[in-house]
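Contents: one structure, followed by commentary.
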Amino acid sequence: MYPHSAGDTVSRRASVQPRTLAVLALTMIAMPAVVLAHSPSKPIPKVIMPTDHDVQSVSPALEYYTASKLIGEVWKRPGLSPRDRSVVTVAALISRNQTVEMPYHFRLALDNGVKPSELSEIIFHLAFYCGWPNAMAAVMIAKDVFAERGIRVEQLPAISPSLLPLEPMAEEKRAARVAQDVGPVSPGLVEYTGALLFHDLWLRPDLAPRDRSLVTVSALIAAGQSAQITFHLNKAMDNGLTKAQISEALTHLAFYVGWPNAMSAVPVVKNVFDSRADQADYK
Amino acid sequence: MYPHSAGDTVSRRASVQPRTLAVLALTMIAMPAVVLAHSPSKPIPKVIMPTDHDVQSVSPALEYYTASKLIGEVWKRPGLSPRDRSVVTVAALISRNQTVEMPYHFRLALDNGVKPSELSEIIFHLAFYCGWPNAMAAVMIAKDVFAERGIRVEQLPAISPSLLPLEPMAEEKRAARVAQDVGPVSPGLVEYTGALLFHDLWLRPDLAPRDRSLVTVSALIAAGQSAQITFHLNKAMDNGLTKAQISEALTHLAFYVGWPNAMSAVPVVKNVFDSRADQADYK
Amino acid sequence: MYPHSAGDTVSRRASVQPRTLAVLALTMIAMPAVVLAHSPSKPIPKVIMPTDHDVQSVSPALEYYTASKLIGEVWKRPGLSPRDRSVVTVAALISRNQTVEMPYHFRLALDNGVKPSELSEIIFHLAFYCGWPNAMAAVMIAKDVFAERGIRVEQLPAISPSLLPLEPMAEEKRAARVAQDVGPVSPGLVEYTGALLFHDLWLRPDLAPRDRSLVTVSALIAAGQSAQITFHLNKAMDNGLTKAQISEALTHLAFYVGWPNAMSAVPVVKNVFDSRADQADYK
């Protein structure tokens, strides 16, 4: 069981009020100063959020299930902490480039205990795993959330921090496999995979390897990229992610990326679980 | 042959005029009242639409093929009614989170005979099949379309309506399969698949099972999720969708989700058709 | 080695300054004239761009790697010209419907030597390969870029130009294969694939077949549509795309569409390379 105190921020009221529209946040920024600066001392409300009433006006059932099932039940299930659910959700939104819900979920992640330095690293990590444009779209939302919370650049991970130690055997195996599989097709891809991804990126200390794995696996499931799950799920379990946490992440993701993506991941996850059957099961 | 009278709304003029930019709709809402409220008695124009001229100024060929082929020919083909083509198109847009064309196609769907209660249910249905953020993005567009048409919450499906009867044998088979395949990986996913998806959702009466199937299959093809098509296409045909309708939906979807997604669905659809060869063919 | 002079526009400064937010571009257009028209003689600044500072305020590492690795190194690698890298990038953005970076990359493409008529054709081509809504979203960005550069409709490809000659043997083979594979499932799809795609579209002269292939393959990799890569990569190599160029396009795409999509394409590309092993290798 996980402590759920942090999860209290996912309250009934919060569920709808801060659901925010990134577009609108940006809109307000873009406006000429004269329009917005009526009250320079008060923070400018940067987003307009759909209210209970907005959702009800299209689908009363959707409003009810959001409040009673998704927020009221799924987010409070044992097996995965609210903090980890936020990590999973943020990764899914960036993977699918869904800026509309990012302001709400970036704030919720910080409320649930994801550190600003970790959120920063998640975005940097996903530049590589979802592509630069997805990361840049996330930057446009995160910069406002960071500004409104007074998060300064000194609190963020350094450009070149002291890296975590490389695990030479695992890295040697990975490098050999990539050299063999990818080398005949794209030497450039082999080069950057080694030098950037598995060195510069994965060894950065400001996001735990276990969290990088949770982010990566969530992004892969969110994008329906089953072919890449096996390697990263094994790495995730090597990094300490448990079967119970993966099980709950899948349940959680079904709501955020749709049932088909969750279901398509199931046989791949099952194969990985079976291949590691000697390991402690559901704990 | 299908009656095409409703399809007349897909006219040459309509093809470009109401093509709308959701972002702009939202923009206008976000603006301070003082900027917009010059004429409080007139409805605020919420969207700016690309005109013929906009499309021509980038690609005269695109404007021509939109008018002459897509609107002027594909939408009028026999085999699938304009109403069903709207259902397919709306599902594709929500599946791919393409808000830009939603205002136009939500309005066209209502013009083509999709009831407000059905459009509401399509969005709720796709919360589960495409993920909550896609449904919420659709809500932000649909709420304005519903408001401009005077559609009130009383016309929308209830939160807990009297459900359609469960087909015990099909459900037992489905539940057993999911318990076996998914149970070892994610008990939570098994639980919600049974209690929410195949009970609370699929048995709601305000969207016919045949239409839920058309929505689901369209969303799967739109997302390139071939692995999930087999189950849902069989269910679709059990629910009354014909081979001729599926054939035309594929043709239609090629234009809205791109040829590769349509082509990737073809072998899966072919396998399902072949496995049901005893059934009445193209009708 | 390729001449890199055109690539100089991808400078350190340019890397961040013109990275633009389409939403904001549209926002400004939507505003009442009274707000924007303070200086009608000067062009209205249509986009607000994240600055160095914006990216740094979320992830100093992301800003550094954008400037030093992606812009400062990847774009300057030999094997693929800056012009071709722009073609690949634009195709990836349209394929993934990522409007945020389109204004920057549409401008950069023109700076790198992609002709306006070619950019126009890329958008038209991708209407078929990514779906109409993706093309329409691109139109909304391109129309402003074309307007700001004074590109007139007379410079754009005609609706019905004189077509390139059909290669009867290749077309006969393709048509037979599609008729056999797709015919039993969707006669309409067969019809439009022949009449529209491989006749009206691929034979248009304003984008070289080799460039259409580069656009198509890039869009397929960007969308994770491995199943369709084999046919189009063979066509690409028939059209003159070299292994070295494909190798570099994959490296480049890893940054723009994420490592998993690039990695998922690798085994398919490898199979095509192996099946054509008699051809000249890496040149």
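Quick note on naming: the chains in the structure tokens go A, B, ... in the order shown, residues restart at 1 in each chain, and ligands are numbered from 1 in order of appearance.
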
Interface residues on chain B facing chain C, 8 Å, only C-alpha atoms, written as an MDAnalysis selection string: chainID B and resid 23:24 27:28 35:36 48 50 54:62 64 98 100:101 224 247:248 250:251 254:261 263:264 266:267 269:270 273

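Distance-wise, CA of Asn234 (chain B) and CA of Val272 (chain A) end up 29.2 Å apart.
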
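A straight line drawn from CA of His252 (chain B) to CA of Leu93 (chain C) is 23.6 Å long.
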
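Here CA of Phe231 (chain B) and CA of Val90 (chain B) stand 21.6 Å from one another.
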
Backbone-only DSSP, alpha helix (DSSP H) members of region 27-223 of chain A, as a PyMOL selection string: chain A and resi 27-30+33-36+52-58+60-65+82-95+102-111+116-130+132-148+168-182+187-192+209-222

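The neighbours of Asp84 (chain A) here are the residues that come within 9 Å of it, using only C-alpha atoms and leaving out any residue fewer than 2 positions away in the same chain; they are Leu80, Ser81, Pro82, Ser86, Val87, Val88, Thr89, Ala109, Asn112, Val114, Asp211, Leu214, Gln245 and Ala249 of chain A.
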